[in-house]
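Okay, query-v9.cif now, which holds mmCIF, C-alpha atoms:
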```cif
data_model
#
loop_
_atom_site.label_atom_id
_atom_site.label_comp_id
_atom_site.auth_asym_id
_atom_site.auth_seq_id
_atom_site.Cartn_x
_atom_site.Cartn_y
_atom_site.Cartn_z
CA MET A 16 105.85 -132.89 44.27
CA LYS A 17 105.30 -132.64 48.01
CA TYR A 18 101.91 -131.05 48.44
CA ASP A 19 102.10 -131.34 52.22
CA ASN A 20 104.76 -128.60 52.14
CA HIS A 21 102.85 -125.53 53.30
CA GLU A 22 105.29 -123.01 51.89
CA LEU A 23 105.28 -124.71 48.50
CA ILE A 24 101.49 -124.82 48.50
CA ALA A 25 101.38 -121.13 49.41
CA LEU A 26 103.77 -120.24 46.58
CA LEU A 27 101.79 -122.24 44.06
CA ALA A 28 98.53 -120.71 45.32
CA ASP A 29 100.02 -117.22 44.91
CA GLU A 30 101.05 -117.92 41.32
CA TYR A 31 97.75 -119.68 40.57
CA VAL A 32 95.68 -116.73 41.78
CA LEU A 33 98.01 -114.26 40.09
CA GLY A 34 97.60 -116.17 36.82
CA THR A 35 101.32 -116.71 36.26
CA LEU A 36 101.02 -120.46 36.94
CA ARG A 37 100.15 -121.72 33.48
CA GLY A 38 99.97 -124.77 31.26
CA ARG A 39 100.29 -128.20 32.76
CA ALA A 40 101.52 -126.84 36.08
CA ARG A 41 98.26 -124.90 36.44
CA ALA A 42 96.18 -127.96 35.55
CA ARG A 43 98.12 -130.11 38.02
CA PHE A 44 97.62 -127.58 40.80
CA GLU A 45 93.89 -127.41 40.03
CA ASP A 46 93.79 -131.19 40.58
CA VAL A 47 95.55 -130.73 43.91
CA VAL A 48 93.13 -127.99 44.96
CA ARG A 49 90.17 -130.29 44.33
CA SER A 50 91.45 -132.87 46.79
CA ASN A 51 93.60 -130.96 49.27
CA GLU A 52 91.97 -128.73 51.88
CA ASN A 53 95.30 -127.04 52.66
CA ALA A 54 95.65 -126.04 48.99
CA ARG A 55 92.04 -124.85 48.87
CA ALA A 56 92.64 -122.72 51.96
CA SER A 57 95.81 -121.25 50.43
CA VAL A 58 94.01 -120.34 47.23
CA ARG A 59 91.16 -118.79 49.22
CA ARG A 60 93.70 -116.80 51.24
CA ALA A 61 95.46 -115.53 48.10
CA GLU A 62 92.15 -114.68 46.40
CA ASP A 63 91.08 -112.70 49.44
CA GLN A 64 94.48 -111.03 49.71
CA MET A 65 94.41 -109.76 46.11
CA LEU A 66 90.68 -109.01 45.88
CA ALA A 67 91.01 -105.28 46.51
CA LEU A 68 93.07 -104.96 43.34
CA SER A 69 90.18 -106.31 41.26
CA LEU A 70 87.67 -104.09 43.01
CA ALA A 71 89.86 -101.02 42.48
CA LEU A 72 89.41 -101.23 38.70
CA GLU A 73 86.98 -98.69 37.30
CA PRO A 74 83.65 -100.53 36.75
CA VAL A 75 82.60 -101.12 33.13
CA GLN A 76 78.89 -101.18 32.27
CA PRO A 77 77.79 -104.22 30.25
CA THR A 78 76.01 -103.63 26.95
CA ALA A 79 72.21 -103.60 26.96
CA GLY A 80 71.67 -107.08 25.54
CA THR A 81 74.06 -108.90 27.86
CA TRP A 82 71.52 -109.88 30.51
CA THR A 83 69.13 -111.26 27.91
CA ALA A 84 71.92 -113.37 26.44
CA ILE A 85 72.90 -114.66 29.90
CA ALA A 86 69.30 -115.56 30.76
CA ARG A 87 68.98 -117.41 27.46
CA GLU A 88 72.27 -119.30 27.96
CA ALA A 89 71.36 -120.18 31.54
CA GLY A 90 68.02 -121.56 30.37
CA ILE A 91 65.94 -119.08 32.36
CA ALA A 92 64.92 -116.60 29.68
CA GLY A 93 61.45 -115.12 30.10
CA SER A 94 60.67 -117.18 33.15
CA THR A 95 61.03 -114.80 36.06
CA THR A 96 57.35 -113.89 36.10
CA THR A 97 55.83 -117.34 35.81
CA THR A 98 56.17 -118.55 39.39
CA GLY A 99 52.77 -117.32 40.49
CA SER A 100 50.86 -118.97 37.68
CA ARG A 101 52.71 -122.21 38.27
CA ALA A 102 51.79 -122.14 41.92
CA ALA A 103 48.14 -121.77 41.03
CA ARG A 104 48.07 -124.96 38.98
CA SER A 105 46.45 -128.04 40.41
CA THR A 106 48.60 -130.82 41.78
CA TRP A 107 47.34 -133.48 39.39
CA ARG A 108 50.45 -133.01 37.31
CA MET A 109 52.62 -134.34 40.12
CA ALA A 110 50.60 -137.54 40.38
CA LEU A 111 50.61 -137.87 36.62
CA ALA A 112 54.37 -137.49 36.47
CA ALA A 113 54.83 -140.17 39.08
CA ALA A 114 52.53 -142.50 37.16
CA ILE A 115 54.33 -141.86 33.88
CA ALA A 116 57.61 -142.44 35.62
CA LEU A 117 56.93 -146.05 36.34
CA PHE A 118 56.86 -146.75 32.62
CA ALA A 119 59.21 -144.21 31.27
CA ILE A 120 62.15 -145.55 29.34
CA GLY A 121 63.42 -144.40 26.00
CA ILE A 122 67.09 -143.69 26.12
CA ALA A 123 69.49 -143.79 23.21
CA TRP A 124 73.15 -142.98 23.61
CA VAL A 125 75.04 -141.93 20.54
CA VAL A 126 78.76 -141.59 20.63
CA VAL A 127 80.08 -138.75 18.51
CA ASP A 128 83.78 -138.30 18.87
CA ARG A 129 84.70 -134.93 17.41
CA THR A 130 86.41 -132.09 19.21
CA GLY A 131 83.81 -129.81 20.77
CA GLN A 132 81.03 -132.22 19.92
CA PRO A 133 79.20 -134.40 22.43
CA THR A 134 80.84 -137.73 23.15
CA ALA A 135 77.58 -139.11 24.47
CA MET A 136 73.97 -138.08 24.28
CA ALA A 137 70.83 -139.30 25.99
CA ASN A 138 67.30 -138.68 24.88
CA LEU A 139 65.07 -138.87 27.92
CA ALA A 140 61.52 -139.60 26.89
CA THR A 141 58.26 -140.93 28.26
CA GLU A 142 57.13 -144.51 27.72
CA ARG A 143 55.19 -143.35 24.70
CA GLY A 144 58.27 -141.77 23.22
CA ALA A 145 57.40 -138.16 23.95
CA PRO A 146 60.78 -136.42 24.30
CA LEU A 147 61.64 -134.57 27.51
CA TRP A 148 65.37 -133.79 27.70
CA ASN A 149 68.47 -134.31 25.59
CA VAL A 150 71.52 -134.73 27.81
CA ALA A 151 75.04 -134.57 26.39
CA THR A 152 78.54 -134.90 27.78
CA PHE A 153 81.66 -133.61 26.10
CA LYS A 154 85.12 -134.92 25.42
CA ASP A 155 86.87 -132.90 28.10
CA GLY A 156 84.57 -134.49 30.66
CA THR A 157 83.93 -131.26 32.50
CA ARG A 158 80.72 -130.15 30.83
CA LEU A 159 77.19 -131.45 30.69
CA SER A 160 74.56 -129.86 28.51
CA VAL A 161 70.83 -130.36 28.84
CA GLN A 162 68.30 -129.30 26.24
CA VAL A 163 64.59 -129.47 26.89
CA SER A 164 63.28 -131.36 23.89
CA GLY A 165 59.62 -131.72 24.72
CA ASP A 166 56.85 -130.69 27.05
CA VAL A 167 58.35 -130.86 30.54
CA LYS A 168 55.60 -130.39 33.10
CA SER A 169 56.36 -127.91 35.84
CA GLU A 170 55.68 -129.21 39.31
CA PRO A 171 54.89 -126.42 41.78
CA GLY A 172 57.35 -126.47 44.63
CA HIS A 173 59.47 -129.14 42.99
CA SER A 174 62.49 -129.48 40.71
CA TYR A 175 63.73 -132.29 38.50
CA GLU A 176 67.21 -133.41 39.51
CA LEU A 177 69.64 -135.50 37.44
CA TRP A 178 71.83 -138.12 39.11
CA ALA A 179 74.82 -140.20 38.11
CA LEU A 180 74.54 -143.75 39.46
CA PRO A 181 78.14 -144.99 39.74
CA GLU A 182 78.62 -148.74 40.06
CA GLY A 183 79.06 -149.72 43.67
CA GLY A 184 78.66 -146.10 44.79
CA THR A 185 75.99 -143.72 45.95
CA PRO A 186 74.15 -141.44 43.52
CA VAL A 187 75.89 -138.16 42.74
CA SER A 188 73.80 -135.15 41.80
CA LEU A 189 74.48 -133.70 38.36
CA GLY A 190 72.29 -130.69 39.14
CA LEU A 191 68.76 -129.60 38.42
CA LEU A 192 67.20 -130.14 35.03
CA PRO A 193 65.77 -127.09 33.23
CA GLU A 194 62.08 -126.87 32.45
CA GLY A 195 62.73 -124.84 29.34
CA GLY A 196 65.60 -123.94 27.03
CA LYS A 197 69.11 -125.24 27.26
CA LEU A 198 71.88 -125.03 29.81
CA THR A 199 75.49 -126.07 29.99
CA ARG A 200 76.82 -127.02 33.37
CA TYR A 201 80.44 -127.28 34.43
CA LEU A 202 80.94 -130.40 36.45
CA THR A 203 82.98 -130.76 39.58
CA ALA A 204 85.74 -133.34 39.72
CA ALA A 205 83.45 -135.58 41.81
CA GLN A 206 80.65 -135.30 39.26
CA THR A 207 83.00 -136.03 36.35
CA GLU A 208 84.37 -139.08 38.12
CA ALA A 209 80.91 -140.34 39.08
CA LEU A 210 79.70 -139.95 35.51
CA ARG A 211 82.74 -141.80 34.21
CA ARG A 212 81.90 -144.76 36.46
CA SER A 213 78.15 -144.66 35.87
CA PRO A 214 76.33 -147.22 33.76
CA LYS A 215 73.10 -145.38 34.54
CA VAL A 216 71.67 -141.93 35.15
CA ALA A 217 68.40 -141.12 36.87
CA VAL A 218 65.95 -138.25 37.25
CA SER A 219 64.14 -137.69 40.53
CA LEU A 220 61.48 -135.22 41.59
CA GLU A 221 62.87 -133.16 44.47
CA PRO A 222 61.83 -130.16 46.57
CA ARG A 223 62.31 -126.87 44.74
CA GLY A 224 66.05 -126.18 44.49
CA GLY A 225 67.00 -129.84 44.67
CA SER A 226 67.56 -132.50 47.29
CA ARG A 227 68.63 -131.10 50.65
CA THR A 228 70.35 -134.33 51.67
CA GLY A 229 72.75 -134.92 48.79
CA ALA A 230 70.83 -138.05 47.82
CA PRO A 231 67.59 -138.56 45.88
CA THR A 232 64.63 -138.06 48.23
CA GLY A 233 61.67 -137.91 45.85
CA PRO A 234 60.25 -140.43 43.41
CA VAL A 235 62.72 -141.59 40.78
CA LEU A 236 60.97 -140.77 37.54
CA TYR A 237 63.39 -141.99 34.90
CA VAL A 238 66.39 -144.32 34.86
CA ALA A 239 68.52 -144.65 31.77
CA ASP A 240 71.35 -146.94 30.75
CA LEU A 241 74.54 -145.16 29.82
CA ARG A 242 76.29 -146.77 26.89
CA GLY A 243 79.60 -145.87 25.35
CA ASN A 244 82.13 -143.69 27.09
CA PRO A 245 80.55 -140.40 28.11
CA THR A 246 83.77 -138.97 29.48
CA PRO A 247 87.42 -139.48 28.64
CA SER A 248 89.00 -142.64 29.96
CA MET B 30 70.59 -104.51 45.82
CA THR B 31 71.74 -101.80 43.43
CA ALA B 32 75.09 -101.75 41.66
CA ILE B 33 77.92 -101.45 44.11
CA ALA B 34 79.25 -97.93 43.91
CA ALA B 35 82.61 -97.13 42.38
CA PRO B 36 85.34 -96.59 43.22
CA THR B 37 84.71 -97.70 46.80
CA LEU B 38 85.65 -101.25 47.64
CA VAL B 39 82.93 -103.80 48.36
CA SER B 40 81.91 -103.38 52.00
CA ASP B 41 81.07 -106.11 54.48
CA ALA B 42 77.40 -105.16 54.08
CA ASP B 43 77.71 -105.48 50.30
CA ASN B 44 79.29 -108.89 50.74
CA GLU B 45 76.48 -110.02 53.02
CA ALA B 46 73.94 -108.88 50.43
CA LEU B 47 75.85 -110.74 47.71
CA GLU B 48 75.92 -113.86 49.89
CA ARG B 49 72.15 -113.71 50.38
CA LEU B 50 71.66 -113.39 46.64
CA LEU B 51 73.98 -116.33 45.93
CA ARG B 52 72.09 -118.51 48.41
CA ARG B 53 68.84 -117.62 46.66
CA CYS B 54 70.48 -118.40 43.30
CA ALA B 55 71.40 -121.83 44.68
CA LEU B 56 67.67 -122.36 45.14
CA GLN B 57 67.14 -121.44 41.48
CA ASP B 58 65.72 -118.01 42.34
CA ARG B 59 65.94 -116.27 38.99
CA ARG B 60 65.08 -112.84 40.33
CA ALA B 61 67.99 -113.09 42.76
CA PHE B 62 70.24 -113.99 39.84
CA GLU B 63 69.18 -110.89 37.92
CA GLU B 64 69.69 -108.76 41.03
CA LEU B 65 73.14 -110.25 41.48
CA TYR B 66 73.92 -109.45 37.86
CA ARG B 67 72.85 -105.81 38.28
CA ALA B 68 74.96 -105.48 41.42
CA ILE B 69 78.26 -107.01 40.41
CA SER B 70 78.46 -107.27 36.60
CA PRO B 71 80.23 -103.88 36.11
CA ARG B 72 82.94 -105.01 38.56
CA LEU B 73 83.39 -108.38 36.88
CA LEU B 74 83.39 -106.84 33.41
CA ALA B 75 86.16 -104.46 34.53
CA CYS B 76 88.29 -107.47 35.51
CA LEU B 77 87.59 -109.18 32.19
CA VAL B 78 88.35 -106.11 30.08
CA ALA B 79 91.61 -105.56 31.96
CA ILE B 80 92.76 -109.13 31.35
CA LEU B 81 91.38 -109.81 27.87
CA ARG B 82 91.96 -106.27 26.53
CA ARG B 83 89.22 -106.65 23.94
CA ARG B 84 85.69 -105.57 24.70
CA ASP B 85 84.06 -108.19 22.47
CA LEU B 86 85.96 -111.01 24.19
CA ALA B 87 85.22 -109.52 27.60
CA ASP B 88 81.47 -109.26 26.86
CA GLU B 89 81.43 -112.88 25.76
CA ALA B 90 83.41 -113.91 28.83
CA LEU B 91 80.97 -112.02 31.09
CA GLN B 92 78.10 -114.07 29.72
CA GLU B 93 79.93 -117.31 30.36
CA THR B 94 80.97 -116.11 33.80
CA PHE B 95 77.36 -115.52 34.85
CA VAL B 96 76.20 -118.83 33.41
CA ARG B 97 78.86 -120.47 35.60
CA ILE B 98 77.78 -118.43 38.62
CA TRP B 99 74.17 -119.57 38.12
CA HIS B 100 75.13 -123.22 37.88
CA ARG B 101 77.71 -123.14 40.66
CA ALA B 102 75.81 -121.01 43.17
CA ASN B 103 75.12 -124.13 45.23
CA GLN B 104 78.89 -124.51 45.71
CA PHE B 105 79.35 -121.09 47.31
CA ASP B 106 78.63 -122.25 50.86
CA GLY B 107 81.58 -124.64 50.61
CA TYR B 108 83.91 -121.78 49.67
CA ARG B 109 84.03 -120.29 53.17
CA GLY B 110 85.21 -116.93 51.88
CA ARG B 111 83.80 -113.58 50.85
CA ALA B 112 81.16 -113.61 48.13
CA SER B 113 82.93 -110.89 46.15
CA ALA B 114 86.14 -112.97 46.15
CA TRP B 115 84.24 -116.03 44.93
CA LEU B 116 82.57 -114.06 42.14
CA VAL B 117 85.72 -112.25 41.02
CA SER B 118 87.65 -115.52 40.99
CA ILE B 119 85.16 -117.17 38.64
CA ALA B 120 85.52 -114.24 36.23
CA ARG B 121 89.32 -113.97 36.46
CA TYR B 122 90.02 -117.70 36.06
CA HIS B 123 87.74 -117.84 33.04
CA ALA B 124 89.65 -114.93 31.48
CA ILE B 125 92.99 -116.59 32.28
CA ASP B 126 91.75 -119.80 30.66
CA ILE B 127 90.81 -117.83 27.55
CA LEU B 128 94.27 -116.25 27.47
CA ARG B 129 95.87 -119.63 27.93
CA GLY B 130 93.79 -121.34 25.26
CA ASN B 131 93.57 -118.59 22.66
CA ARG B 132 96.73 -116.62 23.04
CA SER B 133 96.72 -115.55 19.39
CA THR B 134 93.29 -113.92 19.72
CA VAL B 135 94.52 -111.45 22.32
CA PRO B 136 97.24 -109.38 20.71
CA LEU B 137 99.42 -107.84 23.35
CA ALA B 138 99.87 -104.79 21.14
CA GLU B 139 96.35 -103.83 22.19
CA SER B 140 97.33 -103.96 25.80
CA THR B 141 96.33 -100.99 27.87
CA VAL B 142 99.63 -101.37 29.61
CA ALA B 143 102.08 -102.08 26.83
CA THR B 144 105.23 -101.56 28.83
CA LEU B 145 106.15 -100.94 32.39
CA ASP B 146 107.76 -97.66 31.42
CA ASP B 147 104.89 -96.52 29.22
CA PRO B 148 103.18 -93.38 30.64
CA ALA B 149 99.79 -95.03 29.97
CA ALA B 150 100.85 -98.00 32.08
CA ALA B 151 101.91 -95.67 34.83
CA ARG B 152 98.50 -93.93 34.74
CA VAL B 153 96.66 -97.25 34.98
CA LEU B 154 98.77 -98.20 37.95
CA GLU B 155 98.22 -94.80 39.56
CA THR B 156 94.45 -95.08 39.13
CA LEU B 157 94.49 -98.54 40.65
CA GLU B 158 96.61 -97.42 43.53
CA SER B 159 94.46 -94.35 44.04
CA ASN B 160 91.31 -96.48 44.26
CA LEU B 161 93.08 -98.80 46.67
CA THR B 162 93.84 -95.99 49.07
CA GLY B 163 93.22 -96.99 52.64
CA SER B 164 93.05 -100.71 51.98
CA ALA B 165 95.34 -103.20 53.66
CA LEU B 166 96.53 -104.32 50.25
CA GLN B 167 97.56 -100.81 49.35
CA ARG B 168 99.59 -100.47 52.55
CA CYS B 169 101.28 -103.79 51.88
CA LEU B 170 101.94 -103.00 48.21
CA GLU B 171 103.82 -99.92 49.37
CA GLY B 172 106.24 -102.22 51.14
CA LEU B 173 107.30 -103.86 47.88
CA THR B 174 110.05 -102.63 45.58
CA ASP B 175 108.80 -100.74 42.51
CA GLU B 176 109.64 -103.70 40.28
CA GLN B 177 107.88 -106.20 42.53
CA ARG B 178 104.79 -104.00 42.82
CA ARG B 179 104.44 -103.41 39.09
CA CYS B 180 105.00 -107.07 38.23
CA VAL B 181 102.38 -108.20 40.74
CA VAL B 182 99.81 -105.63 39.61
CA LEU B 183 100.35 -106.27 35.91
CA ALA B 184 100.19 -110.03 36.32
CA TYR B 185 97.11 -109.98 38.57
CA SER B 186 95.06 -107.18 37.05
CA HIS B 187 96.10 -107.51 33.42
CA GLY B 188 96.86 -111.19 32.99
CA HIS B 189 100.48 -110.73 31.94
CA SER B 190 102.64 -113.84 32.01
CA HIS B 191 106.22 -113.85 33.28
CA GLU B 192 107.33 -113.89 29.64
CA ASP B 193 105.16 -110.87 28.72
CA ILE B 194 106.64 -108.82 31.52
CA ALA B 195 110.20 -109.94 30.78
CA ALA B 196 109.86 -109.06 27.10
CA ARG B 197 108.44 -105.63 27.76
CA THR B 198 110.88 -104.67 30.43
CA ALA B 199 113.86 -106.22 28.69
CA SER B 200 114.52 -108.01 31.95
CA PRO B 201 115.74 -111.58 32.30
CA LEU B 202 112.90 -114.05 32.77
CA GLY B 203 114.42 -115.38 35.97
CA THR B 204 114.58 -111.89 37.42
CA VAL B 205 110.90 -111.27 36.65
CA LYS B 206 109.92 -114.59 38.22
CA SER B 207 111.89 -113.62 41.29
CA TRP B 208 110.21 -110.19 41.51
CA VAL B 209 106.79 -111.84 41.28
CA ARG B 210 107.55 -114.57 43.81
CA ARG B 211 109.18 -112.28 46.35
CA GLY B 212 106.48 -109.67 45.88
CA MET B 213 103.76 -112.19 46.61
CA GLN B 214 105.67 -113.60 49.59
CA SER B 215 106.00 -110.09 51.04
CA LEU B 216 102.31 -109.40 50.52
CA ARG B 217 101.39 -112.67 52.19
CA ARG B 218 103.50 -111.90 55.25
CA CYS B 219 102.28 -108.32 55.40
CA MET B 220 98.61 -109.27 55.21
CA GLN B 221 98.71 -112.15 57.65
CA PRO B 222 96.23 -111.44 60.44
#
```

For the file at hand, write its structure as structure tokens.
Amino acid sequence: MKYDNHELIALLADEYVLGTLRGRARARFEDVVRSNENARASVRRAEDQMLALSLALEPVQPTAGTWTAIAREAGIAGSTTTTGSRAARSTWRMALAAAIALFAIGIAWVVVDRTGQPTAMANLATERGAPLWNVATFKDGTRLSVQVSGDVKSEPGHSYELWALPEGGTPVSLGLLPEGGKLTRYLTAAQTEALRRSPKVAVSLEPRGGSRTGAPTGPVLYVADLRGNPTPS
Amino acid sequence: MTAIAAPTLVSDADNEALERLLRRCALQDRRAFEELYRAISPRLLACLVAILRRRDLADEALQETFVRIWHRANQFDGYRGRASAWLVSIARYHAIDILRGNRSTVPLAESTVATLDDPAAARVLETLESNLTGSALQRCLEGLTDEQRRCVVLAYSHGHSHEDIAARTASPLGTVKSWVRRGMQSLRRCMQP
């Protein structure tokens, strides 16, 4: 299909945004959108064009427990009031984390190949085997889940960031690691591809909110070998 | 910011406030995320209910939508569009994916707009069109034929496929596809700056 045809792209974008482009045609167009700026612009144009129709629907109030469930699923439950106390902590933790990092190993990848189940899992732990995070990828290759499995030390003003280390390529951020709870992250096409080509993943300590440069800037705390096939081939 | 008032459309000022909240979410600001939820969740839930037609599925989809928003907030700056469009799109595409993957769980008999000729369907369309009053989209929708307008609205707002619309209007599938395509082409031309 000729994706340099502007009218064709506009038609497909219309049907994609409308929702009438379905099945494999929808999946194929999503692939095009990821790599083609013209297609992205067409989708953005169609989304903007139709937006008023969504906003004209009568609003529906969510049920009372919805926010709590979202906060739990996003891995941020009960944490909105802790910033101040974290800030008051001494900075020794940061130095300790860096020291631990030099020795931290402890990764075991387990391939479990069942629909909806992780295809690969990593247990990130300190040198002494104290667990920190369980990281899992899934068969469709578009999701990454992270579960805090131990006592992750908060570092005031800093975040832990996970990286894919593709062979022969530059590190690709897989997002920030939670300091409590569990989160599931949907990966971009670039992240999925980087993870597929990565024999290793790494955790770095970055400024709060993550690296501003797109590359690791802080100390690399943990590096883990990736074994098996964490995403579909 | 407080919940965006209904039935007015989201203003430029609202969009700027949403953008600020999304940028704070990208920096893992949890309070901003909660504020964003309070502001926009009733709008997103309306979209999900309209498409999924079951409140339990829509509630579940709203949760997933906000988890995605939290994790993708750092991608908003690359979108280069309005924050409300970015947010609504995440919700709508998730609902469409649910429809696509679990068709059997969303019985069309429960549709709020069972047929194009159904009086209930007409009321839904009238409400929508009433709330659209004064918008550029409303002016451009008026330029479509009745069939084109209803097909576009039912597909976009209620997640109907070409086949759904064809079955319920007893119209040939090719004709429905043509109404949709020509309707969208007309809207595109009409709304070009």

Specify as a VMD selection string all residues of chain A found within 8 Å of chain B, counting only C-alpha atoms.
chain A and resid 26 29 to 30 32 to 35 37 to 38 59 61 to 78 81 to 82 84 to 85 88 to 89 91 94 to 95 200 to 201 223 to 225

Kindly list the centre and edge lengths in Å, rounded to one decimal, for the axis-aligned box that covers all listed atoms of segment 189-198 of chain B plus 6 Å on each of its six sides, as JSON.
```
{"center_x": 105.7, "center_y": -109.3, "center_z": 30.2, "size_x": 22.4, "size_y": 21.2, "size_z": 18.2}
```

Any chance you could resolve the PyMOL selection byres ((chain A and resi 147) around 8) against this file and give the residues as a list in words?
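When the PyMOL selection byres ((chain A and resi 147) around 8) is applied to the shown file, the picked residues are Asn138, Leu139, Ala140, Thr141, Ala145, Pro146, Trp148, Asn149, Val163, Ser164, Gly165, Asp166 and Val167 of chain A.
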
With C-alpha atoms retained, export the selected residues as an mmCIF file, in the frame of the given file.
```
data_model
loop_
_atom_site.group_PDB
_atom_site.id
_atom_site.type_symbol
_atom_site.label_atom_id
_atom_site.label_comp_id
_atom_site.auth_asym_id
_atom_site.auth_seq_id
_atom_site.Cartn_x
_atom_site.Cartn_y
_atom_site.Cartn_z
ATOM 1 C CA ASN A 138 67.300 -138.680 24.880
ATOM 2 C CA LEU A 139 65.070 -138.870 27.920
ATOM 3 C CA ALA A 140 61.520 -139.600 26.890
ATOM 4 C CA THR A 141 58.260 -140.930 28.260
ATOM 5 C CA ALA A 145 57.400 -138.160 23.950
ATOM 6 C CA PRO A 146 60.780 -136.420 24.300
ATOM 7 C CA TRP A 148 65.370 -133.790 27.700
ATOM 8 C CA ASN A 149 68.470 -134.310 25.590
ATOM 9 C CA VAL A 163 64.590 -129.470 26.890
ATOM 10 C CA SER A 164 63.280 -131.360 23.890
ATOM 11 C CA GLY A 165 59.620 -131.720 24.720
ATOM 12 C CA ASP A 166 56.850 -130.690 27.050
ATOM 13 C CA VAL A 167 58.350 -130.860 30.540
#
```

Which residue of B:Ser215, B:Ser207, B:Asn44, B:Thr198 approaches Leu170 of chain B most closely, using all atoms listed in the file:
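When distances to Leu170 of chain B are compared using all atoms listed in the file, the smallest one comes from B:Ser215.
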
Could you state the separation of atom CA of Glu170 of chain A and atom CA of Ala86 of chain A in Å, given to one decimal place?
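Going from atom CA of Glu170 of chain A over to atom CA of Ala86 of chain A covers 21.1 Å.
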
Can you tell me, as a list in words, what residues are no more than 9 Å from segment 172-174 of chain A when counting all atoms listed in the file, ignoring any on the same chain fewer than 4 positions away?
Arg101, Ala102, Leu191, Leu192, Pro193, Glu194, Ser219, Leu220, Glu221, Pro222, Arg223, Gly224, Gly225 and Ser226 of chain A

Counting only C-alpha atoms, which of B:Ala102, B:Ser200, B:Ala46, B:Trp208 gets nearest to Gln177 of chain B?
B:Trp208

Written as a PyMOL selection string, which residues does the PyMOL selection byres ((chain A and resi 231) around 9) give for the file shown?
chain A and resi 176+178+186-188+218-221+225-230+232-235

Residues just named, written with C-alpha atoms as a compact mmCIF listing (two decimals), in the frame of the given file:
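Now in selection32.txt:
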```
# COMPACT_ATOMS: atom_id res chain seq x y z
CA GLU A 176 67.21 -133.41 39.51
CA TRP A 178 71.83 -138.12 39.11
CA PRO A 186 74.15 -141.44 43.52
CA VAL A 187 75.89 -138.16 42.74
CA SER A 188 73.80 -135.15 41.80
CA VAL A 218 65.95 -138.25 37.25
CA SER A 219 64.14 -137.69 40.53
CA LEU A 220 61.48 -135.22 41.59
CA GLU A 221 62.87 -133.16 44.47
CA GLY A 225 67.00 -129.84 44.67
CA SER A 226 67.56 -132.50 47.29
CA ARG A 227 68.63 -131.10 50.65
CA THR A 228 70.35 -134.33 51.67
CA GLY A 229 72.75 -134.92 48.79
CA ALA A 230 70.83 -138.05 47.82
CA THR A 232 64.63 -138.06 48.23
CA GLY A 233 61.67 -137.91 45.85
CA PRO A 234 60.25 -140.43 43.41
CA VAL A 235 62.72 -141.59 40.78
```

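The closest residue to Arg41 of chain A, picked from A:Ala56, A:Leu27, A:Asp240, A:Ala209 and counting all atoms listed in the file, is A:Leu27.
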
Incomplete segment 64-75 of chain B filled out to N, CA and C atoms as a PDB file, in the coordinates of the input:
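Output below, filename part-v6.pdb:
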```pdb
ATOM      1  N   GLU B  64      69.255-109.796  40.085  1.00  0.00           N
ATOM      2  CA  GLU B  64      69.690-108.760  41.030  1.00  0.00           C
ATOM      3  C   GLU B  64      71.203-108.834  41.246  1.00  0.00           C
ATOM      4  N   LEU B  65      71.701-110.052  41.335  1.00  0.00           N
ATOM      5  CA  LEU B  65      73.140-110.250  41.480  1.00  0.00           C
ATOM      6  C   LEU B  65      73.878-109.692  40.270  1.00  0.00           C
ATOM      7  N   TYR B  66      73.311-109.951  39.109  1.00  0.00           N
ATOM      8  CA  TYR B  66      73.920-109.450  37.860  1.00  0.00           C
ATOM      9  C   TYR B  66      73.985-107.923  37.886  1.00  0.00           C
ATOM     10  N   ARG B  67      72.876-107.284  38.255  1.00  0.00           N
ATOM     11  CA  ARG B  67      72.850-105.810  38.280  1.00  0.00           C
ATOM     12  C   ARG B  67      73.903-105.272  39.266  1.00  0.00           C
ATOM     13  N   ALA B  68      74.087-105.985  40.356  1.00  0.00           N
ATOM     14  CA  ALA B  68      74.960-105.480  41.420  1.00  0.00           C
ATOM     15  C   ALA B  68      76.441-105.606  41.086  1.00  0.00           C
ATOM     16  N   ILE B  69      76.823-106.710  40.473  1.00  0.00           N
ATOM     17  CA  ILE B  69      78.260-107.010  40.410  1.00  0.00           C
ATOM     18  C   ILE B  69      78.808-107.067  38.989  1.00  0.00           C
ATOM     19  N   SER B  70      77.938-107.096  37.974  1.00  0.00           N
ATOM     20  CA  SER B  70      78.460-107.270  36.600  1.00  0.00           C
ATOM     21  C   SER B  70      79.441-106.173  36.182  1.00  0.00           C
ATOM     22  N   PRO B  71      79.241-104.881  36.541  1.00  0.00           N
ATOM     23  CA  PRO B  71      80.230-103.880  36.110  1.00  0.00           C
ATOM     24  C   PRO B  71      81.626-104.138  36.706  1.00  0.00           C
ATOM     25  N   ARG B  72      81.656-104.683  37.931  1.00  0.00           N
ATOM     26  CA  ARG B  72      82.940-105.010  38.560  1.00  0.00           C
ATOM     27  C   ARG B  72      83.608-106.182  37.843  1.00  0.00           C
ATOM     28  N   LEU B  73      82.821-107.207  37.540  1.00  0.00           N
ATOM     29  CA  LEU B  73      83.390-108.380  36.880  1.00  0.00           C
ATOM     30  C   LEU B  73      83.816-108.053  35.460  1.00  0.00           C
ATOM     31  N   LEU B  74      83.025-107.221  34.775  1.00  0.00           N
ATOM     32  CA  LEU B  74      83.390-106.840  33.410  1.00  0.00           C
ATOM     33  C   LEU B  74      84.693-106.040  33.414  1.00  0.00           C
ATOM     34  N   ALA B  75      84.895-105.219  34.432  1.00  0.00           N
ATOM     35  CA  ALA B  75      86.160-104.460  34.530  1.00  0.00           C
ATOM     36  C   ALA B  75      87.344-105.415  34.605  1.00  0.00           C
TER      37      ALA B  75
END
```
